[in-house]
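Trainee: Got model.cif for you, mmCIF, C-alpha atoms and all ligand atoms:
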```cif
data_work
#
loop_
_atom_site.group_PDB
_atom_site.id
_atom_site.type_symbol
_atom_site.label_atom_id
_atom_site.label_comp_id
_atom_site.auth_asym_id
_atom_site.auth_seq_id
_atom_site.Cartn_x
_atom_site.Cartn_y
_atom_site.Cartn_z
ATOM 1 C CA MET A 1 0.000 0.000 0.000
ATOM 2 C CA PRO A 2 1.500 3.333 -0.957
ATOM 3 C CA PHE A 3 1.967 5.821 1.868
ATOM 4 C CA GLU A 4 1.019 9.449 1.764
ATOM 5 C CA TYR A 5 3.673 11.878 0.715
ATOM 6 C CA GLU A 6 4.088 15.125 -1.144
ATOM 7 C CA VAL A 7 6.849 15.824 -3.606
ATOM 8 C CA LYS A 8 8.311 19.298 -3.140
ATOM 9 C CA GLY A 9 11.355 21.116 -4.497
ATOM 10 C CA THR A 10 14.472 19.724 -6.139
ATOM 11 C CA ILE A 11 17.394 18.725 -3.937
ATOM 12 C CA LEU A 12 19.734 17.322 -6.557
ATOM 13 C CA LYS A 13 19.417 16.799 -10.259
ATOM 14 C CA ALA A 14 21.716 15.051 -12.743
ATOM 15 C CA GLU A 15 21.092 16.036 -16.345
ATOM 16 C CA HIS A 16 22.449 14.053 -19.279
ATOM 17 C CA VAL A 17 25.578 13.030 -17.383
ATOM 18 C CA SER A 18 28.070 11.093 -19.486
ATOM 19 C CA VAL A 19 31.541 9.963 -18.478
ATOM 20 C CA ALA A 20 34.137 7.988 -20.435
ATOM 21 C CA LEU A 21 37.344 6.698 -18.833
ATOM 22 C CA SER A 22 40.274 5.874 -21.115
ATOM 23 C CA GLY A 23 37.882 6.126 -24.039
ATOM 24 C CA VAL A 24 35.441 3.591 -22.594
ATOM 25 C CA PRO A 25 31.911 4.890 -21.908
ATOM 26 C CA ILE A 26 31.158 4.366 -18.196
ATOM 27 C CA LEU A 27 28.062 6.539 -17.799
ATOM 28 C CA ARG A 28 25.772 7.268 -20.711
ATOM 29 C CA ASP A 29 23.205 10.021 -20.433
ATOM 30 C CA VAL A 30 22.357 9.519 -16.763
ATOM 31 C CA ASN A 31 19.349 11.535 -15.588
ATOM 32 C CA LEU A 32 17.962 11.561 -12.102
ATOM 33 C CA GLU A 33 16.265 13.979 -9.787
ATOM 34 C CA VAL A 34 16.047 13.761 -6.020
ATOM 35 C CA LYS A 35 13.154 15.795 -4.686
ATOM 36 C CA ASP A 36 12.261 16.843 -1.215
ATOM 37 C CA ILE A 37 9.614 14.452 0.072
ATOM 38 C CA VAL A 38 7.278 15.609 2.787
ATOM 39 C CA ARG A 39 5.089 13.228 4.722
ATOM 40 C CA PRO A 40 2.143 14.837 6.441
ATOM 41 C CA GLY A 41 2.630 15.118 10.175
ATOM 42 C CA LYS A 42 6.173 13.735 10.153
ATOM 43 C CA VAL A 43 9.575 15.311 10.450
ATOM 44 C CA GLU A 44 11.613 12.984 8.303
ATOM 45 C CA GLY A 45 14.319 13.392 5.781
ATOM 46 C CA GLN A 46 14.966 10.680 3.255
ATOM 47 C CA VAL A 47 17.420 8.038 2.180
ATOM 48 C CA VAL A 48 17.877 7.518 -1.533
ATOM 49 C CA GLY A 49 19.530 4.334 -2.798
ATOM 50 C CA LEU A 50 21.540 4.131 -6.000
ATOM 51 C CA LEU A 51 21.798 0.444 -6.716
ATOM 52 C CA GLY A 52 23.862 -1.405 -9.291
ATOM 53 C CA PRO A 53 26.248 -4.341 -9.625
ATOM 54 C CA SER A 54 29.997 -3.956 -9.078
ATOM 55 C CA GLY A 55 31.861 -2.289 -11.896
ATOM 56 C CA MET A 56 28.716 -0.617 -13.205
ATOM 57 C CA GLY A 57 29.940 2.927 -12.603
ATOM 58 C CA LYS A 58 28.445 3.739 -9.222
ATOM 59 C CA THR A 59 31.607 5.270 -7.782
ATOM 60 C CA THR A 60 32.078 7.220 -11.002
ATOM 61 C CA LEU A 61 28.555 8.617 -10.669
ATOM 62 C CA PHE A 62 29.053 9.214 -6.943
ATOM 63 C CA ARG A 63 32.100 11.384 -7.658
ATOM 64 C CA VAL A 64 30.230 13.369 -10.290
ATOM 65 C CA LEU A 65 27.186 13.882 -8.033
ATOM 66 C CA ALA A 66 29.499 15.065 -5.248
ATOM 67 C CA GLY A 67 31.261 17.533 -7.507
ATOM 68 C CA LEU A 68 34.586 15.712 -7.116
ATOM 69 C CA ASP A 69 34.852 14.973 -10.855
ATOM 70 C CA SER A 70 33.353 16.793 -13.812
ATOM 71 C CA PRO A 71 31.383 14.746 -16.310
ATOM 72 C CA ASP A 72 32.375 14.778 -19.983
ATOM 73 C CA ALA A 73 28.861 15.920 -20.779
ATOM 74 C CA GLY A 74 25.848 16.993 -18.761
ATOM 75 C CA GLN A 75 25.675 18.592 -15.339
ATOM 76 C CA VAL A 76 24.676 18.147 -11.727
ATOM 77 C CA LEU A 77 22.555 20.885 -10.176
ATOM 78 C CA LEU A 78 21.596 21.516 -6.563
ATOM 79 C CA GLY A 79 18.410 22.997 -5.145
ATOM 80 C CA ASP A 80 15.511 24.718 -6.840
ATOM 81 C CA GLU A 81 17.842 27.433 -8.029
ATOM 82 C CA GLY A 82 19.892 24.832 -9.924
ATOM 83 C CA LYS A 83 23.372 25.698 -8.657
ATOM 84 C CA PRO A 84 26.017 23.625 -10.435
ATOM 85 C CA VAL A 85 27.601 21.299 -7.853
ATOM 86 C CA GLU A 86 31.159 21.981 -6.772
ATOM 87 C CA ARG A 87 33.545 20.151 -4.501
ATOM 88 C CA GLY A 88 32.621 20.839 -0.868
ATOM 89 C CA MET A 89 28.942 21.644 -1.463
ATOM 90 C CA VAL A 90 27.809 18.136 -0.593
ATOM 91 C CA GLY A 91 28.925 15.969 2.300
ATOM 92 C CA VAL A 92 30.852 12.985 1.011
ATOM 93 C CA VAL A 93 31.718 9.756 2.758
ATOM 94 C CA ALA A 94 34.034 7.765 0.507
ATOM 95 C CA GLN A 95 34.540 4.041 0.837
ATOM 96 C CA ASN A 96 37.637 4.247 3.039
ATOM 97 C CA TYR A 97 36.544 7.008 5.462
ATOM 98 C CA PRO A 98 39.550 9.315 5.237
ATOM 99 C CA LEU A 99 40.240 11.103 8.539
ATOM 100 C CA PHE A 100 43.208 13.093 9.807
ATOM 101 C CA ARG A 101 45.339 10.437 11.495
ATOM 102 C CA HIS A 102 47.206 12.881 13.684
ATOM 103 C CA ARG A 103 44.038 14.453 15.112
ATOM 104 C CA THR A 104 41.689 13.001 17.651
ATOM 105 C CA VAL A 105 38.095 12.147 16.792
ATOM 106 C CA LEU A 106 36.973 15.415 18.367
ATOM 107 C CA GLY A 107 39.780 17.256 16.564
ATOM 108 C CA ASN A 108 38.616 15.866 13.226
ATOM 109 C CA LEU A 109 35.112 17.169 13.854
ATOM 110 C CA LEU A 110 36.371 20.568 14.996
ATOM 111 C CA VAL A 111 38.408 21.000 11.815
ATOM 112 C CA ALA A 112 35.281 20.270 9.791
ATOM 113 C CA GLY A 113 33.350 22.794 11.868
ATOM 114 C CA ALA A 114 36.003 25.465 11.402
ATOM 115 C CA GLN A 115 36.034 24.825 7.642
ATOM 116 C CA SER A 116 32.332 25.491 7.482
ATOM 117 C CA GLY A 117 32.692 28.776 9.367
ATOM 118 C CA LEU A 118 31.402 27.763 12.796
ATOM 119 C CA SER A 119 32.928 29.518 15.798
ATOM 120 C CA GLY A 120 35.042 27.378 18.120
ATOM 121 C CA GLU A 121 32.266 27.204 20.635
ATOM 122 C CA GLN A 122 29.573 26.349 18.107
ATOM 123 C CA ALA A 123 31.789 23.681 16.553
ATOM 124 C CA LYS A 124 32.501 22.114 19.923
ATOM 125 C CA ALA A 125 28.819 22.037 20.896
ATOM 126 C CA ARG A 126 27.847 20.508 17.580
ATOM 127 C CA ALA A 127 30.691 17.989 17.657
ATOM 128 C CA MET A 128 29.764 16.837 21.162
ATOM 129 C CA ASP A 129 26.154 16.479 20.052
ATOM 130 C CA TYR A 130 27.161 14.249 17.129
ATOM 131 C CA LEU A 131 29.539 12.208 19.278
ATOM 132 C CA ARG A 132 26.688 11.518 21.667
ATOM 133 C CA ARG A 133 24.190 10.690 18.944
ATOM 134 C CA PHE A 134 26.670 8.410 17.218
ATOM 135 C CA ASP A 135 27.688 6.613 20.381
ATOM 136 C CA LEU A 136 31.257 7.909 20.156
ATOM 137 C CA GLU A 137 31.595 9.917 23.363
ATOM 138 C CA GLY A 138 34.123 7.453 24.717
ATOM 139 C CA GLN A 139 36.267 7.848 21.606
ATOM 140 C CA ALA A 140 36.431 11.664 21.523
ATOM 141 C CA ARG A 141 40.121 11.675 22.515
ATOM 142 C CA HIS A 142 41.088 8.651 20.414
ATOM 143 C CA TYR A 143 43.006 8.809 17.143
ATOM 144 C CA PRO A 144 41.613 7.242 13.955
ATOM 145 C CA PRO A 145 44.005 4.234 13.976
ATOM 146 C CA GLN A 146 42.575 3.331 17.399
ATOM 147 C CA LEU A 147 39.032 3.046 16.047
ATOM 148 C CA SER A 148 37.153 0.069 14.653
ATOM 149 C CA GLY A 149 35.890 0.249 11.079
ATOM 150 C CA GLY A 150 32.368 0.994 12.263
ATOM 151 C CA GLN A 151 33.533 3.760 14.580
ATOM 152 C CA ARG A 152 35.639 5.286 11.819
ATOM 153 C CA GLN A 153 32.617 5.279 9.555
ATOM 154 C CA ARG A 154 30.476 7.020 12.156
ATOM 155 C CA VAL A 155 33.155 9.669 12.679
ATOM 156 C CA ALA A 156 33.339 10.197 8.907
ATOM 157 C CA ILE A 157 29.558 10.657 8.729
ATOM 158 C CA ALA A 158 29.562 13.034 11.706
ATOM 159 C CA GLN A 159 32.449 14.953 10.138
ATOM 160 C CA GLN A 160 30.479 15.467 6.945
ATOM 161 C CA PHE A 161 27.399 16.624 8.806
ATOM 162 C CA MET A 162 29.554 19.155 10.665
ATOM 163 C CA CYS A 163 30.168 20.992 7.425
ATOM 164 C CA SER A 164 27.504 20.069 4.912
ATOM 165 C CA GLU A 165 24.059 21.449 4.539
ATOM 166 C CA ASN A 166 21.697 18.508 4.840
ATOM 167 C CA LEU A 167 22.904 16.529 1.831
ATOM 168 C CA LEU A 168 25.201 13.574 2.304
ATOM 169 C CA LEU A 169 26.498 11.065 -0.231
ATOM 170 C CA LEU A 170 27.947 7.715 0.851
ATOM 171 C CA ASP A 171 29.776 5.231 -1.330
ATOM 172 C CA GLU A 172 29.232 1.572 -0.351
ATOM 173 C CA PRO A 173 28.635 2.208 3.348
ATOM 174 C CA PHE A 174 27.812 -1.475 3.901
ATOM 175 C CA SER A 175 30.745 -3.097 2.158
ATOM 176 C CA GLY A 176 32.860 -5.365 4.304
ATOM 177 C CA LEU A 177 30.426 -5.226 7.226
ATOM 178 C CA ASP A 178 28.922 -8.226 8.927
ATOM 179 C CA PRO A 179 25.084 -8.350 9.067
ATOM 180 C CA LEU A 180 24.905 -6.895 12.563
ATOM 181 C CA ALA A 181 27.112 -3.992 11.577
ATOM 182 C CA VAL A 182 24.964 -3.488 8.461
ATOM 183 C CA ASP A 183 21.975 -3.188 10.776
ATOM 184 C CA ARG A 184 23.738 -0.596 12.895
ATOM 185 C CA VAL A 185 24.781 1.488 9.917
ATOM 186 C CA ALA A 186 21.311 1.252 8.393
ATOM 187 C CA GLY A 187 19.829 2.386 11.694
ATOM 188 C CA LEU A 188 22.328 5.211 11.906
ATOM 189 C CA LEU A 189 21.499 6.415 8.398
ATOM 190 C CA GLU A 190 17.791 6.349 9.175
ATOM 191 C CA GLU A 191 18.406 8.256 12.358
ATOM 192 C CA VAL A 192 20.568 10.838 10.636
ATOM 193 C CA SER A 193 18.053 11.240 7.832
ATOM 194 C CA CYS A 194 15.386 12.007 10.418
ATOM 195 C CA MET A 195 17.358 14.564 12.413
ATOM 196 C CA ASP A 196 16.084 17.232 10.071
ATOM 197 C CA GLU A 197 13.290 17.268 7.540
ATOM 198 C CA LEU A 198 15.710 18.493 4.887
ATOM 199 C CA ASN A 199 18.314 15.815 5.483
ATOM 200 C CA THR A 200 18.856 13.716 2.396
ATOM 201 C CA ILE A 201 21.243 10.817 2.316
ATOM 202 C CA ILE A 202 22.187 9.240 -0.982
ATOM 203 C CA VAL A 203 23.635 5.779 -0.568
ATOM 204 C CA VAL A 204 25.501 4.164 -3.436
ATOM 205 C CA THR A 205 25.584 0.396 -3.058
ATOM 206 C CA HIS A 206 25.571 -3.010 -4.749
ATOM 207 C CA ASP A 207 23.848 -4.554 -1.703
ATOM 208 C CA ILE A 208 20.197 -5.075 -2.629
ATOM 209 C CA ALA A 209 19.041 -6.117 0.823
ATOM 210 C CA ALA A 210 20.737 -3.197 2.534
ATOM 211 C CA ALA A 211 19.433 -0.746 -0.052
ATOM 212 C CA LEU A 212 15.903 -2.023 0.460
ATOM 213 C CA GLN A 213 16.294 -1.770 4.168
ATOM 214 C CA VAL A 214 17.325 1.874 4.289
ATOM 215 C CA ALA A 215 16.105 3.530 1.136
ATOM 216 C CA ASP A 216 12.852 5.356 0.577
ATOM 217 C CA THR A 217 13.603 5.625 -3.097
ATOM 218 C CA ILE A 218 15.781 3.393 -5.223
ATOM 219 C CA TRP A 219 17.407 4.225 -8.520
ATOM 220 C CA LEU A 220 18.845 1.394 -10.543
ATOM 221 C CA LEU A 221 22.012 1.738 -12.552
ATOM 222 C CA GLY A 222 22.434 -0.738 -15.384
ATOM 223 C CA ARG A 223 23.161 -1.102 -19.087
ATOM 224 C CA ASP A 224 20.717 -1.026 -21.944
ATOM 225 C CA ARG A 225 20.611 -3.602 -24.710
ATOM 226 C CA ASP A 226 20.180 -2.898 -28.395
ATOM 227 C CA LYS A 227 17.565 -4.542 -30.633
ATOM 228 C CA GLU A 228 19.778 -7.617 -31.101
ATOM 229 C CA GLY A 229 20.126 -7.980 -27.351
ATOM 230 C CA LYS A 230 23.740 -6.800 -27.289
ATOM 231 C CA VAL A 231 24.793 -4.753 -24.255
ATOM 232 C CA ILE A 232 25.377 -1.079 -25.019
ATOM 233 C CA PRO A 233 28.435 0.236 -23.140
ATOM 234 C CA GLY A 234 27.829 2.908 -20.534
ATOM 235 C CA ALA A 235 25.467 2.672 -17.566
ATOM 236 C CA ARG A 236 22.122 4.413 -17.395
ATOM 237 C CA ILE A 237 19.287 4.683 -14.946
ATOM 238 C CA GLN A 238 17.076 1.667 -15.564
ATOM 239 C CA PRO A 239 13.385 1.195 -15.099
ATOM 240 C CA ALA A 240 12.633 -1.448 -12.478
ATOM 241 C CA SER A 241 11.968 -4.532 -14.591
ATOM 242 C CA ARG A 242 9.572 -7.186 -13.429
ATOM 243 C CA ARG A 243 12.523 -9.495 -12.765
ATOM 244 C CA CYS A 244 14.223 -6.885 -10.652
ATOM 245 C CA ARG A 245 11.092 -6.162 -8.655
ATOM 246 C CA ARG A 246 10.691 -9.869 -8.009
ATOM 247 C CA ALA A 247 14.301 -10.175 -6.922
ATOM 248 C CA CYS A 248 13.938 -7.176 -4.654
ATOM 249 C CA ARG A 249 10.696 -8.395 -3.172
ATOM 250 C CA SER A 250 12.084 -11.804 -2.385
ATOM 251 C CA THR A 251 15.244 -10.279 -0.921
ATOM 252 C CA ASN A 252 13.071 -7.971 1.079
ATOM 253 C CA GLY A 253 11.041 -10.838 2.440
ATOM 254 C CA ARG A 254 14.091 -12.967 3.150
ATOM 255 C CA SER A 255 16.086 -10.409 4.985
ATOM 256 C CA SER A 256 14.101 -10.495 8.186
ATOM 257 C CA ARG A 257 17.388 -10.534 10.112
ATOM 258 C CA ARG A 258 17.800 -7.074 8.737
ATOM 259 C CA ALA A 259 14.257 -6.005 9.405
ATOM 260 C CA SER A 260 14.435 -2.467 10.558
ATOM 261 C CA PRO A 261 12.634 -1.378 13.706
ATOM 262 C CA ARG A 262 11.206 1.426 11.651
ATOM 263 C CA ARG A 263 9.196 -1.052 9.639
ATOM 264 C CA SER A 264 6.560 -0.579 12.296
ATOM 265 C CA ASN A 265 6.592 3.068 11.299
ATOM 266 C CA PRO A 266 6.456 2.557 7.566
ATOM 267 C CA ARG A 267 7.966 5.014 5.192
ATOM 268 C CA ALA A 268 6.969 5.390 1.613
ATOM 269 C CA THR A 269 9.354 3.644 -0.691
ATOM 270 C CA TRP A 270 9.185 4.041 -4.403
ATOM 271 C CA TRP A 271 11.402 3.734 -7.382
ATOM 272 C CA GLY A 272 12.967 6.787 -8.864
ATOM 273 C CA GLU A 273 12.003 7.794 -12.362
ATOM 274 C CA PRO A 274 11.449 6.526 -14.933
ATOM 275 C CA CYS A 275 9.485 3.878 -13.138
ATOM 276 C CA ALA A 276 7.473 4.977 -10.141
ATOM 277 C CA TRP A 277 6.501 1.927 -8.212
ATOM 278 C CA PRO A 278 5.891 1.907 -4.471
ATOM 279 C CA LEU A 279 7.650 -0.904 -2.686
ATOM 280 C CA ARG A 280 5.644 -2.906 -0.237
ATOM 281 C CA ARG A 281 6.415 -1.988 3.360
HETATM 282 N N1 LIG A 301 40.705 5.266 -14.677
HETATM 283 C C1 LIG A 301 39.951 4.355 -15.303
HETATM 284 N N2 LIG A 301 40.161 4.054 -16.597
HETATM 285 C C2 LIG A 301 39.399 3.142 -17.238
HETATM 286 N N3 LIG A 301 38.373 2.500 -16.671
HETATM 287 C C3 LIG A 301 38.109 2.755 -15.382
HETATM 288 C C4 LIG A 301 38.878 3.688 -14.624
HETATM 289 N N4 LIG A 301 38.364 3.736 -13.391
HETATM 290 C C5 LIG A 301 37.328 2.868 -13.364
HETATM 291 N N5 LIG A 301 37.183 2.271 -14.561
HETATM 292 C C6 LIG A 301 36.144 1.294 -14.936
HETATM 293 O O1 LIG A 301 34.909 1.953 -14.815
HETATM 294 C C7 LIG A 301 33.911 1.024 -14.443
HETATM 295 C C8 LIG A 301 33.088 1.618 -13.338
HETATM 296 O O2 LIG A 301 33.881 1.760 -12.182
HETATM 297 P P1 LIG A 301 33.232 2.203 -10.793
HETATM 298 O O3 LIG A 301 32.545 3.498 -10.999
HETATM 299 O O4 LIG A 301 34.295 2.147 -9.764
HETATM 300 O O5 LIG A 301 32.167 1.048 -10.583
HETATM 301 P P2 LIG A 301 31.367 0.594 -9.269
HETATM 302 O O6 LIG A 301 31.580 1.624 -8.229
HETATM 303 O O7 LIG A 301 29.953 0.459 -9.715
HETATM 304 O O8 LIG A 301 31.907 -0.734 -8.880
HETATM 305 C C9 LIG A 301 34.623 -0.257 -14.059
HETATM 306 O O9 LIG A 301 34.367 -1.200 -15.064
HETATM 307 C C10 LIG A 301 36.070 0.120 -13.986
HETATM 308 O O10 LIG A 301 36.863 -0.937 -14.432
HETATM 309 MG MG MG A 302 32.353 1.538 -6.317
#
```
Translate this structure into structure tokens?

Mentor:
Amino acid sequence: MPFEYEVKGTILKAEHVSVALSGVPILRDVNLEVKDIVRPGKVEGQVVGLLGPSGMGKTTLFRVLAGLDSPDAGQVLLGDEGKPVERGMVGVVAQNYPLFRHRTVLGNLLVAGAQSGLSGEQAKARAMDYLRRFDLEGQARHYPPQLSGGQRQRVAIAQQFMCSENLLLLDEPFSGLDPLAVDRVAGLLEEVSCMDELNTIIVVTHDIAAALQVADTIWLLGRDRDKEGKVIPGARIQPASRRCRRACRSTNGRSSRRASPRRSNPRATWWGEPCAWPLRR
């Protein structure tokens, strides 16, 4: 059953994005638009999943969406005013969670706060708030090499929220995690997305079950075939085929170990364009 929601302004839009690496087309005319979704009576942001198999070009698209790389053609625009994205405008959590090794966890967050123009006091208050929310208070004085992978990831997410305005992109946040850790990260992303109505988290992943668990909207990245059935190089946003929906539904049903507590508080889930299809929740 679809849940009530209203689609408001544009948060991020990719228009005709194409990228070739060493002459090989990786992305071919990728179009997607993430809109602000408002659910009546609820203060909730959203999690958007960008799903595709390994090697499909997800990291390439991630870098373009984050303004880290320029596409060969097309553009990425932010907000209703359509500002072209530039490095630093979007929070970015890359796969390996880069942190300053010679600074403590708190120090890493303070640097991020200073970069975004917060006063020392404001930065400290905000950093302490994130450390508490992310269950990292005990690690405030630790250095990155002393952290577990999961802790490092949480610091990296907190660091990005210190300096970014509501929009956060994560590349493969579930890779290399055991199922329990996947649950924790999924829960954390949901929590972060709900801290503010405008918070939007875009998660790039090849993990279908994890994507279904956290995402309100899923975009599929795949390759088209020509009339003879031959694969056309370069990934595009795909409509959710019947096969894919079936696969997703069965994964969804199977992954009860990953059932999110928020299932009891269902969120609308639907496919991104070009195929709007609400997922059962
Ligand atoms: N510098 C490069 N030159 C040529 N091909 C590359 C380069 N970097 C990545 N690729 C290719 O681009 C494709 C997409 O890579 P990537 O975006 O990392 O995929 P994903 O994140 O979906 O696994 C892969 O097939 C990869 O081999
Ligand atoms: Mg990748």

Trainee: Which one of A:Leu147, A:Val185, A:Ala127, A:Leu32 sits closest to Gln75 of chain A if you count all atoms listed in the file?

Mentor: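 The closest residue to Gln75 of chain A is A:Leu32.
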
Trainee: Record the distance separating atom CA of Ile37 of chain A and atom CA of Ser193 of chain A, expressed in Å with one decimal.

Mentor: 11.9 Å

Trainee: Which residues would end up in the selection if the PyMOL selection byres (((not hetatm)) within 6 of (chain A and resi 301)) were applied here, given that I need the answer as an MDAnalysis selection string?

Mentor: chainID A and resid 21:22 26 54:60

Trainee: Excluding same-chain residues fewer than 4 positions from Glu190 of chain A, what lies within 9 Å of it counting all atoms listed in the file, as a PDB file with C-alpha atoms, in the coordinates of the input?

Mentor:
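That gives us result-v6.pdb:
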```pdb
ATOM      1  CA  GLY A  45      14.319  13.392   5.781  1.00  0.00           C
ATOM      2  CA  GLN A  46      14.966  10.680   3.255  1.00  0.00           C
ATOM      3  CA  VAL A  47      17.420   8.038   2.180  1.00  0.00           C
ATOM      4  CA  VAL A 185      24.781   1.488   9.917  1.00  0.00           C
ATOM      5  CA  ALA A 186      21.311   1.252   8.393  1.00  0.00           C
ATOM      6  CA  CYS A 194      15.386  12.007  10.418  1.00  0.00           C
ATOM      7  CA  MET A 195      17.358  14.564  12.413  1.00  0.00           C
ATOM      8  CA  ILE A 201      21.243  10.817   2.316  1.00  0.00           C
ATOM      9  CA  VAL A 214      17.325   1.874   4.289  1.00  0.00           C
ATOM     10  CA  ALA A 215      16.105   3.530   1.136  1.00  0.00           C
ATOM     11  CA  ARG A 262      11.206   1.426  11.651  1.00  0.00           C
TER      12      ARG A 262
END
```

Trainee: Counting all atoms listed in the file, which residues sit no farther than 10 Å from the position (34.6, 24.3, 18.0) in the file's frame? I'd like them as a ChimeraX atom specification.

Mentor: /A:106-107,109-114,117-128

Trainee: Pick out the closest residue to Pro53 of chain A from this set: A:Leu220, A:Gln238, A:Ala94, A:Gly229. Count only C-alpha atoms.

Mentor: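 Among the listed residues, A:Leu220 lies closest to Pro53 of chain A.
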
Trainee: Hey, what's within 10 Å of Glu197 of chain A if we count only C-alpha atoms and toss same-chain stuff fewer than 5 positions away? As a ChimeraX atom specification, please?

Mentor: /A:36-39,42-46,166

Trainee: Distance atom CA of Ile157 of chain A-atom CA of Asp171 of chain A, one decimal place?

Mentor: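 Atom-to-atom, atom CA of Ile157 of chain A and atom CA of Asp171 of chain A are spaced 11.4 Å apart.
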
Trainee: Residues picked by the PyMOL selection byres (((chain A and resi 134) around 12) and not hetatm) here, as a VMD selection string?

Mentor: chain A and resid 127 to 133 135 to 140 150 to 159 161 184 to 185 187 to 189 191 to 192

Trainee: Please, which residues are within 9 Å of (29.1, 17.5, -0.9) by the file's coordinates, counting all atoms listed in the file, and could they come as a list of chain:residue names?

Mentor: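 Selection result: A:Leu65, A:Ala66, A:Gly67, A:Leu68, A:Val85, A:Glu86, A:Arg87, A:Gly88, A:Met89, A:Val90, A:Gly91, A:Val92, A:Val93, A:Gln160, A:Ser164, A:Glu165, A:Leu167, A:Leu168, A:Leu169.
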
Trainee: For ligand MG 302 (chain A), which residue out of A:Val231, A:Leu177, A:Ala20, A:Val203 is the nearest one, using only C-alpha atoms and all ligand atoms?

Mentor: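 With only C-alpha atoms and all ligand atoms as the atom set, the closest residue is A:Val203.
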
Trainee: Considering all atoms listed in the file, state which residue in the set A:Glu172, A:Glu33, A:Asp226, A:Asp196 is at the smallest distance from ligand MG 302 (chain A).

Mentor: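 Checking each of A:Glu172, A:Glu33, A:Asp226, A:Asp196 against ligand MG 302 (chain A), counting all atoms listed in the file, the winner is A:Glu172.
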
Trainee: In Å, with one decimal, what is the gap from atom CA of Ala209 of chain A to atom CA of Gly49 of chain A?

Mentor: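 These atoms are spaced 11.1 Å apart.
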
Trainee: Rank nothing, just name the residue among A:Pro40, A:Pro173, A:Pro84, A:Gly9 nearest to ligand MG 302 (chain A), using only C-alpha atoms and all ligand atoms.

Mentor: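 Comparing A:Pro40, A:Pro173, A:Pro84, A:Gly9 against ligand MG 302 (chain A), the winner is A:Pro173.
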
Trainee: Would you translate the PyMOL selection byres (((chain A and resi 17) around 10) and not hetatm) into the concrete set of residues it matches in this file, as a list in words?

Mentor: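 So the PyMOL selection byres (((chain A and resi 17) around 10) and not hetatm), applied here, picks out Ala14, Glu15, His16, Ser18, Val19, Leu27, Arg28, Asp29, Val30, Asn31, Leu32, Leu61, Val64, Leu65, Ser70, Pro71, Asp72, Ala73, Gly74, Gln75, Val76 and Arg236 of chain A.
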
Trainee: Select, from A:His206, A:Lys13, A:Arg223, A:Arg103, the residue with the minimum atom-to-atom distance to Pro239 of chain A, counting only C-alpha atoms.

Mentor: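 Checking each of A:His206, A:Lys13, A:Arg223, A:Arg103 against Pro239 of chain A, counting only C-alpha atoms, the winner is A:Arg223.
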
Trainee: Neighbouring residues of Leu50 of chain A were defined as those with any atom within 6 Å, considering all atoms listed in the file; residues of the same chain fewer than 5 positions away were excluded. Please report them as a count of residues only.

Mentor: 4

Trainee: With all atoms of segment 169-184 of chain A from the file as input, state the centre and edge lengths in Å to one decimal of the axis-aligned box that has 3 Å extra on each side, as AutoDock Vina command-line options.

Mentor:
```
--center_x 27.4 --center_y 1.4 --center_z 5.8 --size_x 16.9 --size_y 25.4 --size_z 20.2
```
